[in-house]
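Here is the file start.tsv (TSV, C-alpha atoms).
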chain	number	residue	atom	x	y	z
A	1398	MET	CA	6.35	23.78	19.30
A	1399	ASN	CA	5.30	22.05	22.49
A	1400	ASN	CA	8.25	20.29	24.12
A	1401	ASP	CA	5.96	18.69	26.72
A	1402	LYS	CA	4.81	16.29	24.00
A	1403	GLN	CA	8.07	14.35	24.23
A	1404	THR	CA	7.14	13.02	27.70
A	1405	GLU	CA	3.55	12.08	26.85
A	1406	GLN	CA	2.71	8.36	26.93
A	1407	VAL	CA	0.75	7.12	23.90
A	1408	LYS	CA	-0.67	3.74	22.93
A	1409	CYS	CA	1.11	2.16	19.95
A	1410	ILE	CA	1.18	-1.09	17.99
A	1411	VAL	CA	4.72	-2.37	18.45
A	1412	LEU	CA	6.51	-5.16	16.60
A	1413	GLU	CA	8.88	-6.70	19.15
A	1414	GLY	CA	10.65	-9.05	16.74
A	1415	TYR	CA	10.27	-10.86	13.42
A	1416	GLY	CA	7.83	-13.76	13.33
A	1417	GLY	CA	4.20	-14.59	13.99
A	1418	TYR	CA	1.31	-12.60	15.36
A	1419	ASP	CA	2.64	-13.08	18.89
A	1420	LYS	CA	5.35	-10.53	18.06
A	1421	ILE	CA	2.73	-7.76	17.82
A	1422	LYS	CA	1.99	-5.99	21.13
A	1423	ILE	CA	-0.09	-3.01	22.19
A	1424	ARG	CA	2.21	-0.82	24.28
A	1425	CYS	CA	2.22	2.60	25.87
A	1426	GLN	CA	5.47	4.43	25.26
A	1427	PRO	CA	6.79	8.00	25.19
A	1428	LEU	CA	5.86	10.12	22.22
A	1429	GLU	CA	8.90	10.95	20.11
A	1430	PHE	CA	10.53	14.37	20.25
A	1431	LEU	CA	8.93	16.92	17.91
A	1432	GLY	CA	11.67	18.07	15.55
A	1433	SER	CA	11.72	21.38	13.73
A	1434	THR	CA	10.55	19.88	10.42
A	1435	SER	CA	7.89	17.53	11.82
A	1436	VAL	CA	4.30	17.69	13.04
A	1437	CYS	CA	2.42	15.86	15.80
A	1438	VAL	CA	-0.73	14.17	14.53
A	1439	LYS	CA	-3.60	12.93	16.69
A	1440	VAL	CA	-4.55	9.76	14.84
A	1441	GLN	CA	-8.12	8.72	14.09
A	1442	LEU	CA	-7.68	6.03	11.41
A	1443	CYS	CA	-4.85	3.76	10.26
A	1444	GLY	CA	-4.53	1.91	6.98
A	1445	VAL	CA	-3.39	-1.72	7.14
A	1446	ASN	CA	-1.13	-2.91	4.30
A	1447	PHE	CA	0.87	-5.89	3.12
A	1448	SER	CA	3.98	-3.90	4.02
A	1449	ASP	CA	3.03	-4.34	7.70
A	1450	ILE	CA	3.00	-8.11	7.17
A	1451	TYR	CA	6.29	-8.04	5.24
A	1452	THR	CA	7.84	-6.12	8.13
A	1453	ARG	CA	6.50	-8.50	10.79
A	1454	GLN	CA	7.69	-11.58	8.96
A	1455	GLY	CA	11.19	-10.22	8.47
A	1456	PHE	CA	11.02	-9.68	4.74
A	1457	LEU	CA	12.37	-6.13	5.16
A	1458	ARG	CA	15.41	-6.80	7.33
A	1459	GLN	CA	16.56	-3.20	7.13
A	1460	LEU	CA	13.62	-2.31	9.40
A	1461	LYS	CA	15.00	-3.29	12.79
A	1462	THR	CA	12.85	-4.30	15.76
A	1463	PRO	CA	11.39	-3.31	18.13
A	1464	ARG	CA	9.52	-0.72	16.11
A	1465	VAL	CA	6.07	0.82	15.78
A	1466	LEU	CA	4.22	-0.60	12.77
A	1467	GLY	CA	2.05	1.29	10.30
A	1468	ALA	CA	2.68	3.10	7.02
A	1469	GLU	CA	-0.59	5.09	6.81
A	1470	CYS	CA	-2.66	7.19	9.17
A	1471	TYR	CA	-5.23	9.98	9.14
A	1472	GLY	CA	-5.82	12.56	11.85
A	1473	THR	CA	-5.49	16.19	12.88
A	1474	ILE	CA	-2.37	18.21	13.59
A	1475	GLU	CA	-1.83	19.01	17.27
A	1476	SER	CA	1.56	20.74	17.14
A	1477	ILE	CA	4.04	21.91	14.54
A	1478	GLY	CA	7.83	22.12	14.32
A	1479	ASN	CA	9.20	25.65	14.12
A	1480	GLU	CA	10.42	25.23	10.51
A	1481	VAL	CA	7.07	23.95	9.19
A	1482	ASN	CA	5.09	26.63	7.38
A	1483	ASN	CA	2.64	24.68	5.20
A	1484	PHE	CA	0.45	23.31	7.99
A	1485	GLN	CA	-1.38	24.74	10.96
A	1486	TYR	CA	-3.01	23.49	14.15
A	1487	GLY	CA	-6.19	21.53	13.47
A	1488	ASP	CA	-5.44	20.67	9.83
A	1489	ARG	CA	-6.73	17.30	8.69
A	1490	VAL	CA	-3.90	15.28	7.18
A	1491	VAL	CA	-3.18	11.85	5.82
A	1492	CYS	CA	0.37	10.58	6.38
A	1493	TYR	CA	2.48	7.97	4.62
A	1494	VAL	CA	5.83	6.64	5.87
A	1495	TRP	CA	6.87	3.38	4.21
A	1496	THR	CA	9.20	2.39	7.07
A	1497	GLY	CA	6.29	2.51	9.53
A	1498	GLY	CA	5.81	4.26	12.84
A	1499	LEU	CA	2.24	5.52	12.30
A	1500	PHE	CA	0.19	3.04	14.35
A	1501	GLY	CA	-0.18	5.17	17.46
A	1502	GLU	CA	-2.68	7.39	19.25
A	1503	LYS	CA	-0.39	10.29	18.41
A	1504	VAL	CA	2.59	10.20	16.07
A	1505	ILE	CA	5.43	12.49	15.07
A	1506	VAL	CA	5.65	12.68	11.28
A	1507	PRO	CA	7.98	14.60	8.95
A	1508	ALA	CA	5.91	17.36	7.38
A	1509	LYS	CA	6.94	16.21	3.89
A	1510	ASN	CA	5.19	12.90	4.58
A	1511	CYS	CA	1.85	14.60	5.30
A	1512	PHE	CA	-0.87	15.60	2.84
A	1513	LEU	CA	-3.53	18.19	3.61
A	1514	VAL	CA	-6.97	16.60	3.17
A	1515	PRO	CA	-9.29	18.90	1.18
A	1516	GLU	CA	-12.65	19.90	2.59
A	1517	GLY	CA	-15.40	17.45	1.68
A	1518	ILE	CA	-13.16	14.37	1.63
A	1519	SER	CA	-13.69	11.93	4.48
A	1520	GLY	CA	-10.91	10.51	6.61
A	1521	GLN	CA	-11.80	6.99	5.44
A	1522	ASP	CA	-11.32	7.91	1.80
A	1523	ALA	CA	-8.17	9.92	2.49
A	1524	VAL	CA	-6.33	7.21	4.42
A	1525	ALA	CA	-7.13	4.68	1.68
A	1526	LEU	CA	-5.26	6.69	-0.96
A	1527	PRO	CA	-1.49	6.64	-0.24
A	1528	ALA	CA	-0.37	3.00	-0.42
A	1529	ASN	CA	-3.05	1.69	-2.78
A	1530	TYR	CA	-3.88	4.57	-5.10
A	1531	LEU	CA	-0.39	6.06	-5.34
A	1532	THR	CA	0.94	2.63	-6.31
A	1533	ALA	CA	-1.88	2.14	-8.81
A	1534	TYR	CA	-1.43	5.60	-10.33
A	1535	LEU	CA	2.33	5.16	-10.75
A	1536	SER	CA	1.87	1.65	-12.18
A	1537	ILE	CA	-0.65	2.77	-14.79
A	1538	PHE	CA	0.37	6.31	-15.71
A	1539	THR	CA	4.08	6.42	-14.88
A	1540	MET	CA	5.57	2.93	-14.76
A	1541	GLY	CA	3.20	1.68	-17.17
A	1542	GLY	CA	-4.16	-4.56	-3.51
A	1543	VAL	CA	-3.86	-2.50	-5.43
A	1544	GLY	CA	-6.80	-4.13	-7.24
A	1545	CYS	CA	-9.75	-1.76	-6.73
A	1546	ALA	CA	-7.56	1.31	-7.16
A	1547	VAL	CA	-6.02	0.03	-10.40
A	1548	THR	CA	-9.42	-0.73	-11.88
A	1549	GLN	CA	-10.90	2.66	-11.03
A	1550	LEU	CA	-7.88	4.59	-12.31
A	1551	ALA	CA	-7.61	2.48	-15.48
A	1552	LYS	CA	-11.27	3.21	-16.23
A	1553	THR	CA	-10.43	6.91	-16.52
A	1554	VAL	CA	-8.66	5.97	-19.78
A	1555	LYS	CA	-10.94	5.77	-22.82
A	1556	ASP	CA	-11.77	2.30	-24.22
A	1557	VAL	CA	-9.59	0.45	-21.72
A	1558	VAL	CA	-10.37	-3.21	-20.95
A	1559	VAL	CA	-9.42	-4.44	-17.47
A	1560	VAL	CA	-8.76	-8.12	-16.84
A	1561	GLY	CA	-8.18	-9.30	-13.26
A	1562	THR	CA	-7.45	-12.47	-11.33
A	1563	ALA	CA	-9.03	-13.38	-8.01
A	1564	SER	CA	-10.59	-16.16	-6.00
A	1565	ALA	CA	-14.16	-17.05	-6.99
A	1566	SER	CA	-15.65	-15.33	-3.93
A	1567	LYS	CA	-14.50	-11.92	-5.23
A	1568	HIS	CA	-15.53	-12.20	-8.88
A	1569	GLU	CA	-18.88	-10.43	-8.65
A	1570	GLN	CA	-17.44	-7.57	-6.59
A	1571	LEU	CA	-14.64	-7.08	-9.09
A	1572	LYS	CA	-17.12	-6.92	-11.96
A	1573	GLU	CA	-19.17	-4.34	-10.07
A	1574	ASN	CA	-15.97	-2.33	-9.60
A	1575	GLY	CA	-15.40	-2.23	-13.36
A	1576	VAL	CA	-13.31	-5.30	-14.21
A	1577	SER	CA	-14.33	-6.54	-17.66
A	1578	HIS	CA	-13.09	-10.12	-17.24
A	1579	VAL	CA	-12.32	-11.87	-13.95
A	1580	LEU	CA	-10.17	-14.99	-14.09
A	1581	HIS	CA	-9.50	-17.75	-11.57
A	1582	HIS	CA	-5.98	-17.88	-10.11
A	1583	GLU	CA	-5.59	-21.60	-10.75
A	1584	ASN	CA	-5.48	-21.55	-14.56
A	1585	TYR	CA	-5.43	-17.87	-15.33
A	1586	GLU	CA	-2.60	-18.08	-17.90
A	1587	THR	CA	-4.77	-20.15	-20.24
A	1588	LEU	CA	-7.86	-18.09	-19.50
A	1589	ALA	CA	-6.00	-14.82	-20.04
A	1590	LYS	CA	-4.80	-16.00	-23.46
A	1591	ASN	CA	-8.38	-16.89	-24.38
A	1592	VAL	CA	-9.62	-13.41	-23.41
A	1593	SER	CA	-6.89	-11.60	-25.35
A	1594	PRO	CA	-4.90	-13.91	-27.65
A	1595	GLN	CA	-2.82	-10.98	-28.92
A	1596	GLY	CA	-1.58	-10.26	-25.38
A	1597	TYR	CA	-1.78	-7.33	-22.95
A	1598	ASP	CA	-0.44	-3.78	-22.98
A	1599	LEU	CA	0.13	-3.55	-19.23
A	1600	ILE	CA	0.29	-6.15	-16.47
A	1601	ILE	CA	0.67	-5.15	-12.81
A	1602	ASP	CA	2.06	-8.09	-10.86
A	1603	SER	CA	1.78	-8.03	-7.06
A	1604	ILE	CA	2.29	-11.80	-6.71
A	1605	GLY	CA	5.92	-12.06	-7.80
A	1606	GLY	CA	8.01	-15.22	-7.79
A	1607	PRO	CA	7.17	-17.74	-10.55
A	1608	ASN	CA	4.21	-15.57	-11.57
A	1609	ILE	CA	6.64	-13.11	-13.19
A	1610	GLU	CA	7.41	-15.57	-15.99
A	1611	ILE	CA	3.69	-16.04	-16.71
A	1612	SER	CA	3.14	-12.29	-16.76
A	1613	GLN	CA	5.94	-11.81	-19.30
A	1614	LYS	CA	4.44	-14.44	-21.62
A	1615	LEU	CA	1.10	-12.64	-21.60
A	1616	LEU	CA	2.48	-9.29	-22.78
A	1617	LYS	CA	2.02	-8.16	-26.36
A	1618	PRO	CA	4.96	-6.56	-28.22
A	1619	CYS	CA	5.85	-3.25	-26.54
A	1620	GLY	CA	3.81	-4.35	-23.51
A	1621	ARG	CA	4.89	-3.42	-20.00
A	1622	LEU	CA	5.12	-5.46	-16.81
A	1623	VAL	CA	5.26	-3.61	-13.49
A	1624	ILE	CA	6.31	-5.70	-10.47
A	1625	ILE	CA	5.01	-4.15	-7.24
A	1626	GLY	CA	5.33	-6.93	-4.66
A	1627	GLY	CA	5.77	-10.56	-3.70
A	1628	SER	CA	2.53	-11.60	-2.05
A	1629	CYS	CA	3.13	-15.24	-3.06
A	1630	TYR	CA	5.50	-15.39	-0.09
A	1631	ILE	CA	2.75	-14.42	2.35
A	1632	ASN	CA	0.51	-17.10	3.80
A	1633	GLY	CA	-0.77	-16.75	7.34
A	1634	GLU	CA	1.53	-16.17	10.28
A	1635	THR	CA	4.97	-16.89	8.87
A	1636	LEU	CA	6.85	-16.60	5.63
A	1637	GLN	CA	6.93	-19.75	3.55
A	1638	ILE	CA	10.61	-19.23	2.89
A	1639	VAL	CA	13.23	-21.67	4.10
A	1640	ARG	CA	16.36	-20.18	2.58
A	1641	SER	CA	17.63	-16.62	2.76
A	1642	LEU	CA	14.94	-14.05	2.06
A	1643	ALA	CA	17.33	-12.10	-0.10
A	1644	MET	CA	18.06	-15.18	-2.24
A	1645	LYS	CA	14.38	-16.09	-2.51
A	1646	TRP	CA	13.47	-12.58	-3.65
A	1647	GLN	CA	15.79	-12.97	-6.65
A	1648	THR	CA	14.41	-14.54	-9.81
A	1649	LYS	CA	15.91	-16.11	-12.91
A	1650	ASN	CA	12.74	-15.36	-14.83
A	1651	LEU	CA	13.92	-11.97	-16.14
A	1652	VAL	CA	16.03	-12.93	-19.14
A	1653	PRO	CA	17.39	-9.94	-21.12
A	1654	GLN	CA	17.40	-11.85	-24.41
A	1655	SER	CA	13.72	-12.76	-24.03
A	1656	MET	CA	12.82	-9.20	-23.12
A	1657	ILE	CA	14.58	-7.91	-26.24
A	1658	GLU	CA	13.11	-10.55	-28.57
A	1659	GLN	CA	9.59	-10.04	-27.20
A	1660	ASN	CA	9.96	-6.23	-27.23
A	1661	ILE	CA	8.67	-5.93	-23.68
A	1662	THR	CA	9.49	-3.66	-20.76
A	1663	VAL	CA	9.83	-4.95	-17.20
A	1664	SER	CA	10.02	-2.44	-14.35
A	1665	GLY	CA	9.78	-2.42	-10.58
A	1666	LEU	CA	8.01	-0.01	-8.29
A	1667	HIS	CA	8.82	0.74	-4.65
A	1668	LEU	CA	6.53	3.56	-3.57
A	1669	GLY	CA	8.39	4.30	-0.35
A	1670	MET	CA	11.83	4.68	-1.90
A	1671	LEU	CA	10.40	6.78	-4.73
A	1672	PHE	CA	8.82	9.00	-2.08
A	1673	ASP	CA	12.20	9.37	-0.35
A	1674	SER	CA	13.96	10.35	-3.58
A	1675	ASN	CA	11.23	12.47	-5.20
A	1676	PRO	CA	8.64	13.71	-2.66
A	1677	ASN	CA	7.46	16.47	-5.01
A	1678	LYS	CA	6.29	13.89	-7.53
A	1679	ILE	CA	4.32	12.02	-4.86
A	1680	HIS	CA	2.70	15.21	-3.60
A	1681	TYR	CA	1.67	16.13	-7.15
A	1682	ILE	CA	0.05	12.72	-7.65
A	1683	MET	CA	-1.77	12.94	-4.31
A	1684	GLU	CA	-3.22	16.28	-5.40
A	1685	GLU	CA	-4.41	14.62	-8.60
A	1686	LEU	CA	-5.97	11.77	-6.62
A	1687	PHE	CA	-7.78	14.22	-4.34
A	1688	LYS	CA	-9.18	15.94	-7.45
A	1689	MET	CA	-10.31	12.58	-8.89
A	1690	LEU	CA	-11.97	11.75	-5.59
A	1691	LYS	CA	-13.82	15.07	-5.43
A	1692	ASN	CA	-14.92	14.63	-9.07
A	1693	LYS	CA	-16.19	11.12	-8.27
A	1694	LEU	CA	-13.82	9.48	-10.75
A	1695	ILE	CA	-12.54	7.20	-7.98
A	1696	LYS	CA	-14.00	5.97	-4.71
A	1697	PRO	CA	-11.99	3.82	-2.27
A	1698	THR	CA	-13.66	0.59	-1.23
A	1699	ILE	CA	-13.53	0.01	2.52
A	1700	HIS	CA	-13.73	-3.67	3.45
A	1701	GLU	CA	-13.86	-3.26	7.23
A	1702	ILE	CA	-13.03	-0.84	10.02
A	1703	LEU	CA	-11.74	-2.58	13.15
A	1704	PRO	CA	-10.87	-1.26	16.60
A	1705	PHE	CA	-7.22	-0.20	16.92
A	1706	ASP	CA	-6.40	-3.07	19.27
A	1707	ASN	CA	-7.63	-5.63	16.70
A	1708	VAL	CA	-4.54	-5.26	14.51
A	1709	ILE	CA	-3.92	-9.03	14.44
A	1710	ASP	CA	-7.43	-9.60	13.06
A	1711	ALA	CA	-6.71	-6.95	10.43
A	1712	GLN	CA	-3.44	-8.57	9.37
A	1713	THR	CA	-5.14	-11.98	9.24
A	1714	ILE	CA	-7.78	-10.64	6.86
A	1715	LEU	CA	-5.05	-9.45	4.47
A	1716	ALA	CA	-2.82	-12.50	4.82
A	1717	LYS	CA	-5.74	-14.84	4.02
A	1718	ARG	CA	-6.94	-12.62	1.16
A	1719	MET	CA	-10.35	-12.26	2.78
A	1720	ASN	CA	-10.74	-8.57	2.00
A	1721	PHE	CA	-12.22	-6.74	-0.93
A	1722	GLY	CA	-10.98	-3.21	-0.41
A	1723	LYS	CA	-9.18	-1.45	2.39
A	1724	VAL	CA	-8.94	-2.63	6.00
A	1725	LEU	CA	-8.72	0.20	8.54
A	1726	LEU	CA	-8.07	0.51	12.26
A	1727	LYS	CA	-10.02	3.12	14.24
A	1728	LEU	CA	-8.99	4.79	17.45
A	1729	ASN	CA	-11.71	5.73	19.94
A	1730	GLN	CA	-11.06	9.42	20.47
Would it be possible to restate this file's structure as structure tokens?
Amino acid sequence: MNNDKQTEQVKCIVLEGYGGYDKIKIRCQPLEFLGSTSVCVKVQLCGVNFSDIYTRQGFLRQLKTPRVLGAECYGTIESIGNEVNNFQYGDRVVCYVWTGGLFGEKVIVPAKNCFLVPEGISGQDAVALPANYLTAYLSIFTMGGVGCAVTQLAKTVKDVVVVGTASASKHEQLKENGVSHVLHHENYETLAKNVSPQGYDLIIDSIGGPNIEISQKLLKPCGRLVIIGGSCYINGETLQIVRSLAMKWQTKNLVPQSMIEQNITVSGLHLGMLFDSNPNKIHYIMEELFKMLKNKLIKPTIHEILPFDNVIDAQTILAKRMNFGKVLLKLNQ
């Protein structure tokens, strides 16, 4: 363990307060103290997620500011806490911490939040797995964007038919990725009924809000709805929410009587909190995802790799739904 690391100044992406893009700053600040159960990672790539936007806009009020953003990163281990015995200097790792803190040149990460990247897997592919593919895997195989990941994982199941919704500009790309039917957002309830009048076995809803009621209607008996987010509240710089965020996040659309009469299951998925409560499960799934990647059953789609300092451009791409695949930040090291 190198105690000199605690005085080293590193460049980070810091959220100084809730609000617009002006709250994001590039700052140099001291590297955190390396605890006995943590590792120091020299970061090469960062994954940009909707959770970063939720945090900036104040949707997750338990995450106080100022704070370093970033739930995903990939890099190499530079130093190791004295109680860590499953990593060594120079190991390539991908890290996931749902509360953030990983957008930095070097970061201190609990060892349990790090995954050893197998030989032959690129950093780009590795850093695209945690938020997107873990969520997709749990939604399909356990609870049951993460769009591309869901499609690829669902296609590993025999005779599955995948139906997706997207803006017209993404339809061809979705079909190339394996989506059988691509529907427009505007009238997708009607279109979805036309594609499968009997309903759907599994719906993964990342939109939330009023969309939940539509999703329930489209389920067949014994169908399952997995709610993984509320992207309907995201539009550009600020949240389109006037009243309390906590109140707005609630919905009256989940009616127990309707769920019983329709014989449907509605569940929620919060990857970060599941990680906190059952890290062994997450590590097992990551090992499965690495195997799928090596066997060419899945392949992350990278939309764009931007310089580290261009984090606002990266968030804008996500907020405006301009991406097809993962947006990454790269550090020049």
> Near range 1466-1475 of chain A, within 7 Å and counting all atoms listed in the file, which residues show up once chain neighbours fewer than 2 positions away are dropped, as a PyMOL selection string?
Replying inline: chain A and resi 1410-1412+1436-1445+1449+1464+1486-1500+1520+1524
> Which polymer residues have any atom within 9 Å of an atom of Lys1723 in chain A, counting only C-alpha atoms, with same-chain residues fewer than 4 positions away left out, as a PyMOL selection string?
Replying inline: chain A and resi 1444-1446+1525+1529+1542+1697-1702
>> as a PyMOL selection string, please: the residues near Val1407 in chain A (cut-off 7 Å, all atoms listed in the file, same-chain neighbours under 5 positions excluded).
In response: chain A and resi 1425-1428+1501-1503
>> From (-1.4, 19.6, 4.1), in the file's coordinates, out to 7 Å: which residues are reached, counting all atoms listed in the file? Answer as number ranges by chain.
In response: A: 1483-1484, 1490, 1511-1514
> At what distance in Å, to one decimal, does CA of Arg1453 in chain A lie from CA of Ile1421 in chain A?
Replying inline: 8.0 Å
>> Counting all atoms listed in the file, which residue out of A:Gly1432, A:Pro1463, A:Pro1515, A:Gly1414 sits closest to Leu1690 in chain A?
In response: A:Pro1515
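Between CA of Val1576 in chain A and CA of Val1558 in chain A there is a distance of 7.6 Å.
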> Looking at only C-alpha atoms, which of A:Leu1615, A:Pro1507, A:Asp1556, A:Ile1661 is the one that sits closest to Ser1593 in chain A?
Replying inline: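 The closest residue to Ser1593 in chain A is A:Leu1615.
The smallest atom-to-atom distance between Gln1570 in chain A and any of A:Ser1655, A:Asn1608, A:Leu1686, A:Thr1548, using all atoms listed in the file, is found for A:Thr1548.
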> For Thr1462 in chain A, which of A:Glu1413, A:Glu1685, A:Glu1429, A:Glu1658 is the closest residue, counting all atoms listed in the file?
Replying inline: A:Glu1413
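If you count only C-alpha atoms and ignore residues fewer than 2 places along the chain from Ile1601 in chain A, what sits within 8 Å of it is Ser1536, Leu1599, Ser1603, Leu1622, Val1623, Ile1624 and Ile1625 of chain A.
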> When you draw a straight line from CA of Asn1729 in chain A to CA of Gln1406 in chain A, how long is it in Å?
Replying inline: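 We find that CA of Asn1729 in chain A and CA of Gln1406 in chain A lie 16.2 Å from each other.
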> Skipping near chain neighbours, those fewer than 3 positions away, what residues fall within 12 Å of Pro1676 in chain A using only C-alpha atoms, listed as a VMD selection string?
Replying inline: chain A and resid 1493 to 1494 1507 to 1512 1668 to 1673 1679 to 1683
> Of the residues A:Arg1458, A:Lys1614, A:His1667, A:Lys1552, which is the one nearest to Leu1531 in chain A, using only C-alpha atoms?
Replying inline: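 For Leu1531 in chain A, the nearest of the given residues is A:His1667.
Of the listed residues A:Asn1675, A:Gln1659, A:Gln1459, A:Thr1452, the one whose atoms come nearest to Gly1417 in chain A is A:Thr1452, with distances taken using all atoms listed in the file.
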